[in-house]
Structures are given as structure tokens and as C-alpha cells.
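Novice: One structure follows; several queries about it will come next.
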Amino acid sequence: FQMDYLVPDTQSFDLTRPIGCNMVSLKSFIHVDTDEVSRQIMNGDMRDIHGWAVRASRVEAFLTCRYGYPKLLKNGHVWMHRRVYTFDGRVLVLKVHMTLLPDGNHVFVRFQDVSDKMQHILQPPNELF
């Protein structure tokens, strides 16, 4: 994994593309709320689902925890890329921005499908990542 892919220092969303929003419990990693755009991108509702359940790679998920979450806790926000399974079985690459909420127990997650710009990330078998 390249760290500039997994946990880039700076990023921004393409404001001409849909951005989904979720609320996730930091203690359980369960999605506690989702918006309509999120449900459209994922082709289903992630409420009450553990964040790792939609991840296309356990290795990538582990590395996200190892490198991304410390940045989130230190800086209050973090940019990441994630490969996920949608509810209809497709694999997407998402650009993700997470913000730690003042209660310290929840994260506001915004994400955007960038699969068309990262086809090279979708090519290898999922568990090689």
C-alpha cells in the first residue's frame, strides 16, 4: 500500500459529483445514520452495519485502523481512500473524509465514488490489497 493512497495528507471532493454522508460510532464502528446519497452510492442502507462488513480488503481495513484513525484522533479529521463492496456486489474506490464529532464517540463521514479515476486500484484481486 502506498500511504499517499491510503491516508493522503490533503484532498478535496469534486463538487460536481455526489457526496454521501454517514454517522458512525467510533466505539463500535456501526453506521448509525446514512443519507440518501450514501444509500444511492452503496446501492443500499449501511445503518446498523459494521464498517468492516463492506470493506473489500481486510488488509486495507487493518492499515486504515493503524494509520488513519490515529490521524483522526490527533487532528480531528482525516482523508482516506477505501475499497468497498456495494450491496449489489460491485467494488468501488471511495474518497473519504472523516471528522471526529465533539462528543468524541462519533465520526461524521463524507465520501465520494472515485472508481473511474482509480481503475488501477480495482484490478488486483481484492485480498492482495
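Following the order of the C-alpha cells, first chain is A, next is B, and so on, with residues numbered from 1 inside each chain and ligands from 1 in the order they appear.
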Pull the strand (DSSP E or B) assignments for stretch 1-123 of chain A out of DSSP run on the backbone, and list those residues as an MDAnalysis selection string.
Specialist: chainID A and resid 20:25 30:34 50 55 77:85 91:100 106:113
Novice: For the structure I just gave you, how does DSSP split chain A - specifically, which residues are helix (DSSP H, G or I)? Reply as a PyMOL selection string.
Specialist: chain A and resi 3-6+36-42+51-54+58-75+115-117+119-122+126-128
Novice: Please produce an output containing C-alpha atoms for each residue in the selection, written as an mmCIF file, in the first residue's frame.
Specialist:
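This is the output file again_30.cif:
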```
data_model
loop_
_atom_site.group_PDB
_atom_site.id
_atom_site.type_symbol
_atom_site.label_atom_id
_atom_site.label_comp_id
_atom_site.auth_asym_id
_atom_site.auth_seq_id
_atom_site.Cartn_x
_atom_site.Cartn_y
_atom_site.Cartn_z
ATOM 1 C CA MET A 3 0.421 5.810 2.140
ATOM 2 C CA ASP A 4 -0.480 8.658 -0.234
ATOM 3 C CA TYR A 5 -3.324 6.436 -1.491
ATOM 4 C CA LEU A 6 -4.416 5.011 1.857
ATOM 5 C CA GLU A 36 -29.998 9.316 0.611
ATOM 6 C CA VAL A 37 -26.829 9.970 -1.445
ATOM 7 C CA SER A 38 -24.948 7.417 0.657
ATOM 8 C CA ARG A 39 -27.670 4.860 0.020
ATOM 9 C CA GLN A 40 -27.518 5.579 -3.730
ATOM 10 C CA ILE A 41 -23.711 5.234 -3.917
ATOM 11 C CA MET A 42 -23.736 1.980 -1.927
ATOM 12 C CA GLY A 51 -17.862 -0.656 8.807
ATOM 13 C CA TRP A 52 -15.656 -3.651 8.105
ATOM 14 C CA ALA A 53 -18.585 -5.587 6.632
ATOM 15 C CA VAL A 54 -18.434 -3.582 3.392
ATOM 16 C CA ARG A 58 -9.230 -6.885 5.435
ATOM 17 C CA VAL A 59 -5.586 -5.840 4.979
ATOM 18 C CA GLU A 60 -6.645 -2.396 3.791
ATOM 19 C CA ALA A 61 -9.088 -2.141 6.705
ATOM 20 C CA PHE A 62 -6.336 -3.047 9.173
ATOM 21 C CA LEU A 63 -3.944 -0.484 7.679
ATOM 22 C CA THR A 64 -6.658 2.156 7.815
ATOM 23 C CA CYS A 65 -7.005 1.494 11.544
ATOM 24 C CA ARG A 66 -3.244 1.504 12.016
ATOM 25 C CA TYR A 67 -2.538 4.752 10.157
ATOM 26 C CA GLY A 68 -5.826 6.580 9.597
ATOM 27 C CA TYR A 69 -7.507 6.508 12.986
ATOM 28 C CA PRO A 70 -4.510 7.895 14.905
ATOM 29 C CA LYS A 71 -4.568 10.857 12.488
ATOM 30 C CA LEU A 72 -8.299 11.250 13.092
ATOM 31 C CA LEU A 73 -7.837 11.293 16.861
ATOM 32 C CA LYS A 74 -4.828 13.639 16.701
ATOM 33 C CA ASN A 75 -6.088 16.133 14.098
ATOM 34 C CA SER A 115 -13.607 4.425 -9.006
ATOM 35 C CA ASP A 116 -13.388 5.804 -12.543
ATOM 36 C CA LYS A 117 -10.207 7.708 -11.594
ATOM 37 C CA GLN A 119 -9.186 1.783 -12.137
ATOM 38 C CA HIS A 120 -5.659 0.547 -11.340
ATOM 39 C CA ILE A 121 -6.741 0.040 -7.716
ATOM 40 C CA LEU A 122 -9.671 -2.137 -8.821
ATOM 41 C CA ASN A 126 -9.147 -7.872 -3.547
ATOM 42 C CA GLU A 127 -7.211 -9.751 -0.900
ATOM 43 C CA LEU A 128 -3.855 -8.848 -2.434
#
```
Novice: List as a tab-separated table every residue of stretch 23-50 of chain A that is in contact with stretch 90-114 of chain A, defined as an atom at most 8 Å from one of its atoms (using only C-alpha atoms), together with the nearest atom pair and the distance in Å rounded to one decimal, sorted by chain and then rising number.
Specialist:
```
residue	atom	partner	partner_atom	distance
A:Met23	CA	A:Phe108	CA	4.8
A:Val24	CA	A:Val107	CA	5.2
A:Ser25	CA	A:His106	CA	4.5
A:Leu26	CA	A:His106	CA	5.0
A:Lys27	CA	A:Asn105	CA	6.4
A:Ser38	CA	A:Phe111	CA	7.9
A:Ile41	CA	A:Asp113	CA	7.1
```
Novice: How many Å separate atom CA of A:Gly44 from atom CA of A:Thr10?
Specialist: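 Interatomic distance here is 29.0 Å.
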Novice: In Å, rounded to a single decimal, give me how far atom CA of A:Cys21 is from atom CA of A:Phe87.
Specialist: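 Calculated distance between atom CA of A:Phe87 and atom CA of A:Cys21 is 16.7 Å.
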